[in-house]
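This is target.cif (mmCIF, C-alpha atoms).
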```
data_upload
#
loop_
_atom_site.label_atom_id
_atom_site.label_comp_id
_atom_site.auth_asym_id
_atom_site.auth_seq_id
_atom_site.Cartn_x
_atom_site.Cartn_y
_atom_site.Cartn_z
CA MET P 1 157.94 -112.48 -231.05
CA GLU P 2 159.88 -115.19 -229.21
CA PHE P 3 163.63 -114.84 -228.82
CA PRO P 4 165.90 -117.88 -228.41
CA ASP P 5 166.91 -118.58 -224.84
CA ALA P 6 170.42 -118.15 -223.51
CA SER P 7 171.30 -121.84 -223.77
CA THR P 8 170.40 -121.90 -227.46
CA ILE P 9 172.66 -118.90 -228.10
CA ASP P 10 175.50 -120.36 -226.01
CA ALA P 11 175.42 -123.49 -228.12
CA ALA P 12 175.90 -121.41 -231.28
CA LEU P 13 178.66 -119.15 -229.94
CA ASP P 14 182.36 -119.76 -229.61
CA THR P 15 183.87 -119.09 -226.21
CA VAL P 16 186.18 -116.07 -226.27
CA GLU P 17 188.63 -114.50 -223.86
CA PHE P 18 187.76 -110.83 -223.56
CA PRO P 19 190.57 -108.30 -223.89
CA ALA P 20 191.79 -106.12 -221.07
CA PHE P 21 190.54 -102.54 -221.35
CA ALA P 22 192.12 -99.21 -220.52
CA GLU P 23 190.44 -95.99 -219.53
CA VAL P 24 191.42 -93.16 -221.83
CA SER P 25 190.94 -89.41 -221.86
CA TYR P 26 190.61 -87.75 -225.24
CA GLU P 27 191.11 -84.00 -224.87
CA PRO P 28 191.60 -81.99 -228.06
CA PRO P 29 191.83 -78.22 -227.40
CA ALA P 30 188.48 -76.44 -227.68
CA PRO P 31 187.05 -72.95 -227.07
CA GLU P 32 184.22 -72.56 -224.56
CA ILE P 33 181.81 -69.82 -223.47
CA ASP P 34 181.92 -69.17 -219.72
CA ASP P 35 178.28 -68.05 -219.35
CA PRO P 36 175.97 -69.55 -222.02
CA ALA P 37 172.86 -67.96 -220.54
CA SER P 38 174.25 -64.43 -220.74
CA ALA P 39 175.48 -65.05 -224.28
CA ALA P 40 172.05 -66.32 -225.31
CA GLY P 41 170.31 -63.32 -223.81
CA GLU P 42 172.67 -60.96 -225.61
CA ALA P 43 172.07 -62.81 -228.89
CA VAL P 44 168.39 -61.84 -228.82
CA ALA P 45 169.44 -58.24 -229.55
CA ASP P 46 170.53 -59.34 -233.03
CA LEU P 47 167.11 -60.70 -233.98
CA ALA P 48 164.81 -58.55 -236.10
CA LEU P 49 162.28 -57.72 -233.38
CA GLU P 50 161.95 -54.02 -234.18
CA GLU P 51 158.60 -54.33 -235.97
CA VAL P 52 156.92 -56.46 -233.30
CA PRO P 53 154.33 -54.35 -231.48
CA GLU P 54 154.86 -53.78 -227.77
CA GLY P 55 153.15 -56.56 -225.90
CA GLY P 56 153.14 -58.71 -229.03
CA THR P 57 153.62 -62.46 -228.86
CA VAL P 58 156.95 -64.02 -229.88
CA ALA P 59 156.95 -67.77 -230.55
CA VAL P 60 160.24 -69.45 -229.61
CA GLY P 61 160.87 -72.75 -231.37
CA LEU P 62 162.71 -75.36 -229.29
CA GLY P 63 163.72 -78.84 -230.42
CA SER P 64 164.35 -82.33 -229.11
CA ARG P 65 168.16 -82.40 -229.02
CA GLY P 66 170.16 -82.67 -225.83
CA ILE P 67 172.06 -79.40 -226.25
CA HIS P 68 174.28 -78.63 -223.26
CA ALA P 69 172.70 -76.00 -220.96
CA ILE P 70 169.64 -75.77 -223.24
CA ASP P 71 167.44 -75.16 -220.20
CA ARG P 72 169.48 -72.11 -219.22
CA ILE P 73 169.91 -70.95 -222.81
CA ALA P 74 166.21 -71.23 -223.60
CA ARG P 75 165.15 -69.53 -220.37
CA ALA P 76 167.58 -66.67 -221.03
CA VAL P 77 166.09 -66.17 -224.51
CA VAL P 78 162.57 -66.22 -223.08
CA GLU P 79 163.47 -63.79 -220.29
CA GLU P 80 165.21 -61.38 -222.66
CA ILE P 81 162.22 -61.38 -225.01
CA GLY P 82 159.96 -60.67 -222.04
CA SER P 83 162.22 -57.86 -220.78
CA ARG P 84 161.84 -56.13 -224.13
CA GLY P 85 158.09 -55.84 -223.67
CA TYR P 86 157.00 -58.91 -225.63
CA ASP P 87 155.01 -61.95 -224.60
CA PRO P 88 157.05 -65.16 -225.25
CA VAL P 89 155.50 -68.57 -225.91
CA VAL P 90 157.45 -71.76 -226.62
CA VAL P 91 156.47 -73.90 -229.60
CA PRO P 92 157.99 -77.39 -229.95
CA ALA P 93 159.86 -77.36 -233.28
CA MET P 94 160.69 -81.03 -233.71
CA GLY P 95 158.69 -82.30 -236.68
CA SER P 96 157.25 -85.72 -235.83
CA HIS P 97 159.30 -86.39 -232.71
CA GLY P 98 157.45 -87.32 -229.55
CA GLY P 99 155.21 -89.66 -231.52
CA ALA P 100 153.81 -86.71 -233.50
CA SER P 101 151.50 -85.79 -230.62
CA ALA P 102 151.18 -82.65 -228.53
CA GLU P 103 151.59 -84.64 -225.32
CA GLY P 104 154.63 -86.46 -226.68
CA GLN P 105 156.32 -83.22 -227.71
CA ARG P 106 155.69 -81.69 -224.30
CA GLU P 107 157.22 -84.79 -222.71
CA THR P 108 160.23 -84.56 -225.02
CA LEU P 109 160.84 -80.95 -223.95
CA ALA P 110 160.31 -81.83 -220.29
CA ALA P 111 162.98 -84.54 -220.52
CA LEU P 112 165.41 -81.76 -221.46
CA GLY P 113 164.35 -79.61 -218.52
CA LEU P 114 162.12 -77.44 -220.69
CA THR P 115 158.83 -77.05 -218.85
CA GLU P 116 156.51 -74.08 -218.48
CA SER P 117 157.58 -73.54 -214.88
CA LYS P 118 161.30 -73.65 -215.70
CA LEU P 119 161.01 -71.56 -218.85
CA GLY P 120 158.69 -69.01 -217.30
CA CYS P 121 156.27 -68.99 -220.22
CA PRO P 122 153.51 -71.16 -221.75
CA ILE P 123 154.20 -74.01 -224.18
CA ASP P 124 151.82 -74.31 -227.13
CA ALA P 125 152.38 -77.86 -228.40
CA ARG P 126 149.40 -78.30 -230.72
CA MET P 127 150.27 -80.23 -233.88
CA GLU P 128 147.99 -78.52 -236.41
CA THR P 129 149.71 -76.73 -239.29
CA GLU P 130 148.81 -74.34 -242.07
CA ILE P 131 150.25 -74.39 -245.58
CA VAL P 132 151.71 -70.93 -246.08
CA GLY P 133 152.85 -71.36 -249.68
CA GLU P 134 154.58 -73.53 -252.25
CA SER P 135 158.34 -73.64 -252.57
CA ALA P 136 160.33 -73.21 -255.77
CA LEU P 137 160.50 -77.01 -255.89
CA GLY P 138 156.72 -77.28 -255.74
CA GLN P 139 156.54 -78.57 -252.17
CA PRO P 140 153.72 -77.36 -249.91
CA VAL P 141 155.25 -75.56 -246.94
CA HIS P 142 153.68 -76.28 -243.54
CA VAL P 143 154.06 -74.11 -240.45
CA ALA P 144 152.64 -74.83 -236.99
CA GLU P 145 149.48 -72.89 -236.23
CA ALA P 146 150.93 -72.14 -232.81
CA ALA P 147 153.80 -70.26 -234.47
CA LEU P 148 151.56 -68.47 -236.95
CA ALA P 149 149.37 -67.20 -234.11
CA ALA P 150 152.31 -65.15 -232.82
CA ASP P 151 153.45 -61.69 -233.95
CA ALA P 152 156.99 -63.00 -234.46
CA VAL P 153 158.74 -66.36 -234.68
CA CYS P 154 162.30 -67.30 -233.80
CA VAL P 155 164.08 -70.59 -233.17
CA VAL P 156 166.88 -71.75 -230.88
CA ASN P 157 169.03 -74.59 -232.14
CA ARG P 158 172.48 -76.08 -232.35
CA ILE P 159 174.46 -75.78 -235.60
CA LYS P 160 176.15 -79.08 -236.43
CA PRO P 161 176.94 -81.46 -239.26
CA HIS P 162 173.90 -83.54 -240.19
CA THR P 163 173.82 -87.30 -239.95
CA SER P 164 172.46 -87.82 -243.49
CA PHE P 165 173.80 -85.23 -245.91
CA ARG P 166 176.60 -82.77 -246.66
CA ALA P 167 175.78 -79.22 -247.75
CA PRO P 168 176.55 -75.54 -246.98
CA ILE P 169 173.98 -75.79 -244.14
CA GLU P 170 172.92 -78.96 -242.38
CA SER P 171 171.42 -79.18 -238.87
CA GLY P 172 170.58 -75.74 -237.54
CA LEU P 173 168.22 -72.81 -237.70
CA CYS P 174 167.01 -73.26 -241.28
CA LYS P 175 166.34 -76.97 -240.85
CA MET P 176 164.47 -76.40 -237.59
CA THR P 177 162.38 -73.73 -239.29
CA ALA P 178 161.58 -75.76 -242.41
CA ILE P 179 161.14 -79.19 -240.79
CA GLY P 180 160.75 -78.71 -237.04
CA LEU P 181 158.15 -75.93 -237.16
CA GLY P 182 156.33 -77.82 -239.90
CA LYS P 183 155.39 -80.57 -237.44
CA GLN P 184 154.71 -83.99 -238.98
CA GLY P 185 153.24 -82.66 -242.25
CA GLY P 186 156.10 -80.27 -242.88
CA ALA P 187 158.72 -82.83 -241.94
CA ALA P 188 157.20 -85.44 -244.24
CA ARG P 189 156.93 -83.10 -247.24
CA THR P 190 160.46 -81.73 -246.84
CA HIS P 191 161.97 -85.21 -246.49
CA GLU P 192 159.96 -86.34 -249.52
CA TYR P 193 161.30 -83.56 -251.71
CA ALA P 194 164.78 -83.96 -250.22
CA ILE P 195 164.94 -87.56 -251.42
CA GLU P 196 163.76 -86.54 -254.90
CA GLU P 197 165.87 -83.41 -255.17
CA ASP P 198 168.43 -82.64 -252.46
CA TYR P 199 168.25 -81.95 -248.71
CA TYR P 200 169.87 -78.56 -248.98
CA GLU P 201 167.57 -77.47 -251.79
CA ALA P 202 164.44 -78.75 -250.06
CA ILE P 203 165.28 -77.07 -246.75
CA THR P 204 166.33 -73.72 -248.18
CA ALA P 205 163.39 -73.63 -250.59
CA ALA P 206 160.95 -74.17 -247.72
CA PHE P 207 162.82 -71.68 -245.53
CA ASP P 208 162.54 -68.99 -248.25
CA VAL P 209 158.75 -69.36 -248.22
CA ILE P 210 158.54 -69.22 -244.43
CA ARG P 211 160.76 -66.14 -244.26
CA ARG P 212 158.60 -64.42 -246.88
CA GLU P 213 155.15 -65.47 -245.65
CA THR P 214 155.52 -65.46 -241.86
CA PRO P 215 156.87 -63.04 -239.22
CA HIS P 216 160.13 -64.99 -238.92
CA VAL P 217 162.78 -62.87 -237.19
CA GLY P 218 165.70 -65.33 -237.13
CA GLY P 219 167.19 -67.46 -234.42
CA VAL P 220 169.75 -68.07 -231.73
CA ALA P 221 172.44 -70.47 -232.94
CA VAL P 222 174.62 -72.57 -230.63
CA VAL P 223 177.91 -74.06 -231.79
CA GLU P 224 179.27 -76.70 -229.43
CA ASN P 225 182.89 -77.74 -228.93
CA PHE P 226 184.35 -81.24 -228.78
CA TYR P 227 183.10 -81.62 -225.20
CA ASP P 228 179.54 -80.59 -226.13
CA ARG P 229 179.89 -77.27 -224.35
CA PRO P 230 178.85 -74.02 -226.06
CA ALA P 231 181.78 -72.58 -227.99
CA GLU P 232 179.78 -69.80 -229.64
CA ILE P 233 176.22 -68.43 -229.39
CA SER P 234 175.01 -66.03 -232.05
CA GLY P 235 171.79 -64.26 -232.88
CA ILE P 236 171.12 -64.33 -236.63
CA PRO P 237 168.30 -62.29 -238.20
CA ALA P 238 166.21 -64.09 -240.81
CA ASP P 239 167.51 -62.02 -243.72
CA GLU P 240 171.09 -63.18 -242.98
CA LEU P 241 170.14 -66.84 -243.21
CA PRO P 242 171.35 -69.23 -244.51
CA ASP P 243 174.72 -67.53 -245.20
CA ARG P 244 175.77 -66.89 -241.60
CA GLU P 245 174.63 -70.35 -240.60
CA ALA P 246 176.98 -71.79 -243.23
CA ASP P 247 179.90 -69.97 -241.60
CA LEU P 248 179.01 -71.40 -238.19
CA LEU P 249 178.71 -74.91 -239.65
CA GLU P 250 182.36 -74.81 -240.67
CA ARG P 251 183.36 -74.08 -237.08
CA ALA P 252 181.00 -76.76 -235.79
CA ARG P 253 182.58 -79.28 -238.15
CA GLU P 254 186.02 -78.35 -236.81
CA TYR P 255 184.93 -78.85 -233.18
CA MET P 256 182.74 -81.94 -233.72
CA PRO P 257 183.32 -84.96 -231.45
CA THR P 258 184.82 -87.86 -233.40
CA LEU P 259 186.90 -90.89 -232.55
CA PRO P 260 190.64 -90.79 -233.30
CA PHE P 261 190.72 -94.28 -234.83
CA GLU P 262 190.63 -95.26 -238.50
CA GLU P 263 189.58 -98.87 -237.94
CA LEU P 264 187.80 -100.80 -235.18
CA ASP P 265 186.78 -104.42 -234.90
CA ALA P 266 183.94 -103.42 -232.60
CA LEU P 267 182.36 -100.32 -231.10
CA VAL P 268 180.30 -100.72 -227.92
CA ILE P 269 177.84 -97.90 -227.18
CA ASP P 270 176.26 -97.71 -223.74
CA GLU P 271 173.28 -95.60 -224.82
CA VAL P 272 171.59 -94.29 -227.95
CA GLY P 273 168.70 -91.83 -228.16
CA LYS P 274 167.09 -88.91 -229.94
CA ASP P 275 168.59 -86.54 -227.37
CA VAL P 276 172.05 -87.71 -228.46
CA SER P 277 171.47 -87.52 -232.22
CA GLY P 278 168.61 -87.53 -234.69
CA THR P 279 169.81 -91.00 -235.68
CA GLY P 280 170.26 -92.19 -232.11
CA MET P 281 173.98 -92.52 -232.66
CA ASP P 282 175.76 -89.84 -234.68
CA THR P 283 176.68 -91.19 -238.11
CA ASN P 284 179.61 -88.78 -238.16
CA VAL P 285 181.07 -90.90 -235.35
CA VAL P 286 180.07 -94.41 -236.43
CA ALA P 287 180.50 -93.75 -240.18
CA ARG P 288 177.44 -95.75 -241.22
CA THR P 289 175.02 -94.63 -243.92
CA PRO P 290 171.71 -93.89 -242.20
CA MET P 291 169.18 -93.97 -245.05
CA LEU P 292 168.46 -94.04 -248.77
CA GLY P 293 170.36 -91.31 -250.61
CA ALA P 294 172.42 -90.35 -247.55
CA SER P 295 176.15 -89.77 -247.46
CA GLY P 296 178.63 -89.70 -244.64
CA PRO P 297 182.27 -90.15 -243.63
CA ASP P 298 184.27 -93.22 -244.62
CA GLU P 299 186.11 -93.53 -241.31
CA PRO P 300 186.31 -95.16 -238.91
CA GLU P 301 185.69 -98.54 -240.51
CA ILE P 302 183.84 -100.50 -237.83
CA GLY P 303 183.26 -104.25 -237.96
CA ARG P 304 180.46 -104.54 -235.38
CA VAL P 305 178.41 -102.01 -233.43
CA VAL P 306 176.85 -103.15 -230.14
CA VAL P 307 174.19 -101.10 -228.31
CA ARG P 308 173.68 -101.71 -224.59
CA GLY P 309 170.77 -99.34 -223.84
CA LEU P 310 168.61 -96.31 -224.53
CA THR P 311 168.86 -92.89 -222.88
CA GLU P 312 166.15 -92.02 -220.41
CA ALA P 313 165.33 -88.83 -222.31
CA THR P 314 164.53 -90.68 -225.55
CA HIS P 315 161.44 -92.27 -223.92
CA GLY P 316 161.79 -95.52 -225.85
CA ASN P 317 162.39 -93.89 -229.22
CA GLY P 318 165.18 -96.09 -230.55
CA HIS P 319 165.14 -94.56 -234.05
CA GLY P 320 168.63 -95.27 -235.33
CA ILE P 321 169.14 -98.61 -233.62
CA GLY P 322 169.12 -100.09 -237.12
CA LEU P 323 172.71 -98.84 -237.44
CA ALA P 324 173.75 -101.40 -234.82
CA ASP P 325 174.58 -105.04 -235.48
CA LEU P 326 173.85 -106.40 -232.02
CA THR P 327 171.92 -105.52 -228.89
CA THR P 328 170.03 -107.37 -226.15
CA THR P 329 166.44 -108.47 -225.81
CA ASP P 330 166.12 -106.09 -222.82
CA VAL P 331 166.87 -103.15 -225.12
CA LEU P 332 164.31 -104.27 -227.68
CA GLU P 333 161.68 -104.54 -224.95
CA GLU P 334 162.28 -100.85 -224.12
CA LEU P 335 161.58 -99.72 -227.68
CA ASP P 336 158.49 -97.63 -228.40
CA LEU P 337 157.76 -98.73 -231.95
CA SER P 338 154.95 -96.20 -232.31
CA GLN P 339 157.44 -93.35 -231.96
CA MET P 340 160.07 -95.08 -234.07
CA TYR P 341 157.75 -95.92 -236.93
CA THR P 342 156.25 -92.42 -236.91
CA ASN P 343 159.77 -91.01 -237.12
CA GLY P 344 160.82 -93.45 -239.85
CA LEU P 345 157.70 -93.06 -241.97
CA THR P 346 157.87 -89.27 -241.73
CA SER P 347 161.54 -89.07 -242.71
CA GLY P 348 161.64 -92.04 -245.08
CA SER P 349 164.54 -93.47 -243.07
CA PHE P 350 163.24 -97.02 -242.73
CA GLU P 351 166.75 -98.40 -242.38
CA LEU P 352 167.15 -96.71 -239.01
CA ASP P 353 164.24 -98.63 -237.50
CA ARG P 354 165.34 -102.12 -238.50
CA LEU P 355 166.01 -104.29 -235.48
CA PRO P 356 169.55 -105.60 -234.94
CA MET P 357 170.19 -109.14 -233.72
CA ALA P 358 169.06 -109.19 -230.09
CA LEU P 359 170.68 -111.73 -227.76
CA PRO P 360 169.56 -112.57 -224.21
CA THR P 361 172.62 -111.10 -222.45
CA GLU P 362 175.27 -108.47 -222.96
CA GLU P 363 177.94 -111.14 -222.54
CA GLN P 364 176.51 -113.02 -225.51
CA ALA P 365 176.13 -109.86 -227.61
CA LEU P 366 179.77 -108.91 -226.98
CA THR P 367 180.95 -112.45 -227.62
CA ALA P 368 179.09 -112.49 -230.93
CA ALA P 369 180.56 -109.13 -231.93
CA LEU P 370 184.15 -110.16 -231.25
CA SER P 371 183.96 -113.70 -232.60
CA SER P 372 182.39 -112.61 -235.89
CA SER P 373 184.98 -110.00 -236.88
CA GLY P 374 187.57 -112.35 -238.34
CA ARG P 375 190.19 -114.45 -236.61
CA TYR P 376 190.01 -113.43 -232.96
CA ASP P 377 192.91 -112.61 -230.68
CA PRO P 378 192.26 -110.74 -227.40
CA ASP P 379 195.72 -109.18 -227.60
CA THR P 380 195.14 -107.59 -231.01
CA VAL P 381 191.38 -106.97 -231.18
CA ARG P 382 190.55 -103.27 -231.59
CA VAL P 383 187.53 -102.28 -229.48
CA ALA P 384 186.30 -98.86 -228.34
CA TRP P 385 183.64 -98.64 -225.61
CA ILE P 386 181.89 -95.27 -225.38
CA PRO P 387 179.03 -93.85 -223.27
CA ASP P 388 177.31 -92.41 -226.36
CA THR P 389 178.39 -90.73 -229.58
CA ALA P 390 178.09 -87.21 -228.15
CA HIS P 391 180.47 -87.72 -225.23
CA LEU P 392 183.89 -88.87 -226.38
CA SER P 393 186.23 -87.22 -223.90
CA SER P 394 186.38 -90.28 -221.66
CA PHE P 395 185.89 -93.89 -222.70
CA ARG P 396 187.57 -97.30 -222.76
CA VAL P 397 189.64 -99.11 -225.36
CA SER P 398 190.99 -102.62 -225.68
CA ALA P 399 194.65 -103.27 -224.86
CA ALA P 400 195.73 -103.22 -228.51
CA LEU P 401 194.43 -99.66 -228.96
CA ALA P 402 195.81 -98.60 -225.59
CA ASP P 403 199.29 -99.53 -226.75
CA GLU P 404 199.10 -97.23 -229.78
CA ASP P 405 199.81 -93.49 -229.79
CA TYR P 406 197.12 -90.97 -230.73
CA GLU P 407 197.26 -87.20 -230.45
CA HIS P 408 195.45 -85.78 -227.41
CA LEU P 409 194.70 -89.31 -226.12
CA THR P 410 195.93 -90.16 -222.61
CA THR P 411 195.79 -93.75 -221.38
CA GLY P 412 194.94 -94.54 -217.77
CA GLY P 413 194.64 -97.69 -215.73
CA ARG P 414 193.73 -101.12 -217.08
CA THR P 415 190.39 -102.70 -216.23
CA GLU P 416 189.04 -106.21 -216.60
CA LEU P 417 185.64 -106.89 -218.11
CA ALA P 418 183.31 -108.92 -215.88
CA PHE P 419 179.67 -110.00 -216.02
CA ASP P 420 177.05 -110.41 -213.32
CA ASP P 421 174.75 -113.43 -212.99
CA GLY P 422 172.46 -111.92 -215.62
CA GLY P 423 175.28 -111.49 -218.13
CA ARG P 424 175.39 -107.70 -217.79
CA ALA P 425 178.81 -106.14 -218.35
CA ALA P 426 180.80 -104.22 -215.75
CA PHE P 427 184.44 -103.29 -215.31
CA ASP P 428 186.55 -104.43 -212.38
CA GLU P 429 189.49 -102.22 -211.46
CA GLU P 430 192.81 -104.07 -211.31
#
```

Could I get this file's structure written as structure tokens?
Amino acid sequence: MEFPDASTIDAALDTVEFPAFAEVSYEPPAPEIDDPASAAGEAVADLALEEVPEGGTVAVGLGSRGIHAIDRIARAVVEEIGSRGYDPVVVPAMGSHGGASAEGQRETLAALGLTESKLGCPIDARMETEIVGESALGQPVHVAEAALAADAVCVVNRIKPHTSFRAPIESGLCKMTAIGLGKQGGAARTHEYAIEEDYYEAITAAFDVIRRETPHVGGVAVVENFYDRPAEISGIPADELPDREADLLERAREYMPTLPFEELDALVIDEVGKDVSGTGMDTNVVARTPMLGASGPDEPEIGRVVVRGLTEATHGNGHGIGLADLTTTDVLEELDLSQMYTNGLTSGSFELDRLPMALPTEEQALTAALSSSGRYDPDTVRVAWIPDTAHLSSFRVSAALADEDYEHLTTGGRTELAFDDGGRAAFDEE
């Protein structure tokens, strides 16, 4: 594929004066756990481990999300299981992520600081699954052979609103069990039945089979606050799922990071990635529908979304970049389409892997975003510039937004937007 050169794009773009920007701090009140590792270790006591024979193996499912302190939380769970006389083994529980390969899933865990040496136990990343039954919806239910080889299975995951559906449970322990532990086959079948039926029904129907047919003992649930720090960590036995997870979801929804604005002309995102959100950028923040049959919030209404880069931990998996309108050719060259297409084909979310318009420089991408959102005025244009959709406590806004009042939002010094010789954006302090 050949992209147009910079001179061709310049000829098609209007020249714009960029607005001044202000640094802002957004600090809603939020609860926080002082010692996540200790809380995670204590949560293991609430799992149903009583029937596991001494010396038995306990498989611990870990996912691909960038949960704060997940390395310490996971290690504490592993150590507590070992201290109780069991033999822990970590099983990647991330469906098709990592390119649906054992090596890719190991690399995904390693990017989060989850390696055998740091966890203190082996990682069994094989992708083979076994069908353990058929759900009430008729879907075949897959479970990783690595998990089935253990005497007990538990999972560790964050409870949060999902990017594609609204239900009593969304992202959390049940979803990780039904989709994550099912590897690519389980993820594909659950997504298939979710599109035909309903995500909640498909996940809970598969979870019921796994709870009945495997030694599933529950999981350790993490609820994060607005600042992506653990606000609550709970151990939930399998027989109390999904009800207790539903209670935690309500608290997660209350704490969830969101922007305080109802309307933006443009949103600039420094980085997107699978470690930030399953859709690269959280649809609860950008309010864009991620896929066929999905639902999401109506606000904020955003004219243009510009993506400047990918996170290092996503390893080129730009699944979700289809939610953006503009990016650069440098970003597209970083994309690993093998991972993205595997993710999209497994989940049926083709829309997320469409490629946005890619321009040669960030200056051109930003110019295009601002000049295509209606009549342009640098003094009134409403732009938010964030590091990613998971970290919203400190970011920049255009002068028009800085002059407005928002609860818990504190405005700092003004900055001017500048560009280097390659057209890459930077901020100069006044």

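Across the structure, atom CA of Thr289 of chain P and atom CA of Gly273 of chain P are spaced 17.2 Å apart.
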
- Item | Residue contacts of Ala313 of chain P (9 Å, all atoms listed in the file) excluding same-chain residues fewer than 4 positions away, as a ChimeraX atom specification | /P:66,108,110-112,273-275

- Query: Once the PyMOL selection byres ((chain P and resi 141) around 6) has been applied to the shown file, what residues remain in the selection, as a VMD selection string?
  - Reply: chain P and resid 131 to 134 140 142 206

- Message: I need the output of the PyMOL selection byres ((chain P and resi 356-366) around 8) for this file as a ChimeraX atom specification; which residues are they?
- Response: /P:3-6,9-10,13,306,308,321-330,332,354-355,367-370,419,422-425

- Task: Run through the PyMOL selection byres ((chain P and resi 334-347) around 8) on the given coordinates and return the selected residues as number ranges by chain.
- Result: P: 96-100, 184, 187-188, 191-192, 310, 315-319, 330-333, 348-350, 352-353

- Message: I need the residue nearest Leu119 of chain P from this list: P:Val153, P:Ala202, P:Ala48, P:Ala76. Use all atoms listed in the file for the distance.
- Response: P:Ala76

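Distances to Asp34 of chain P were evaluated for P:Asp270, P:Leu409, P:Gly113, P:Arg229 using all atoms listed in the file, and the minimum falls at P:Arg229.
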
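Among P:Arg106, P:Arg382, P:Arg126, P:Arg244, the residue with the shortest atom-to-atom distance to Val143 of chain P, counting all atoms listed in the file, is P:Arg126.
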
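Taking all atoms listed in the file into account, Leu47 of chain P lies nearest to P:Ser234 out of the set P:Ser371, P:Ser234, P:Ser164, P:Ser64.
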
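Put simply, atom CA of Met1 of chain P is 20.7 Å away from atom CA of Gly320 of chain P.
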
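Atom CA of Tyr193 of chain P is found 23.9 Å from atom CA of Leu62 of chain P.
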
- Message: I want to know what sits within 8 Å of Phe427 of chain P, based on only C-alpha atoms, with residues of the same chain fewer than 3 positions away left out; could you give that as a count of residues only?
- Response: 4

- Could you pull the residues within 9 Å of segment 78-91 of chain P, counting only C-alpha atoms, minus those fewer than 3 positions along the same chain, as a count of residues only? 34

- Message: Give me the residues near Val286 of chain P as a PyMOL selection string, where near means some atom within 9 Å (using all atoms listed in the file) and where sequence neighbours in that chain fewer than 4 positions away do not count.
- Response: chain P and resi 258-259+267+281-282+297+299-302+305+323+389

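Counting all atoms listed in the file and comparing P:Tyr255, P:Phe395, P:Phe226, P:Tyr199, the residue that lies closest to Val24 of chain P is P:Phe395.
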
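Closest approach to Asp379 of chain P among P:Glu27, P:Glu254, P:Ala400, P:Val268: P:Ala400, based on all atoms listed in the file.
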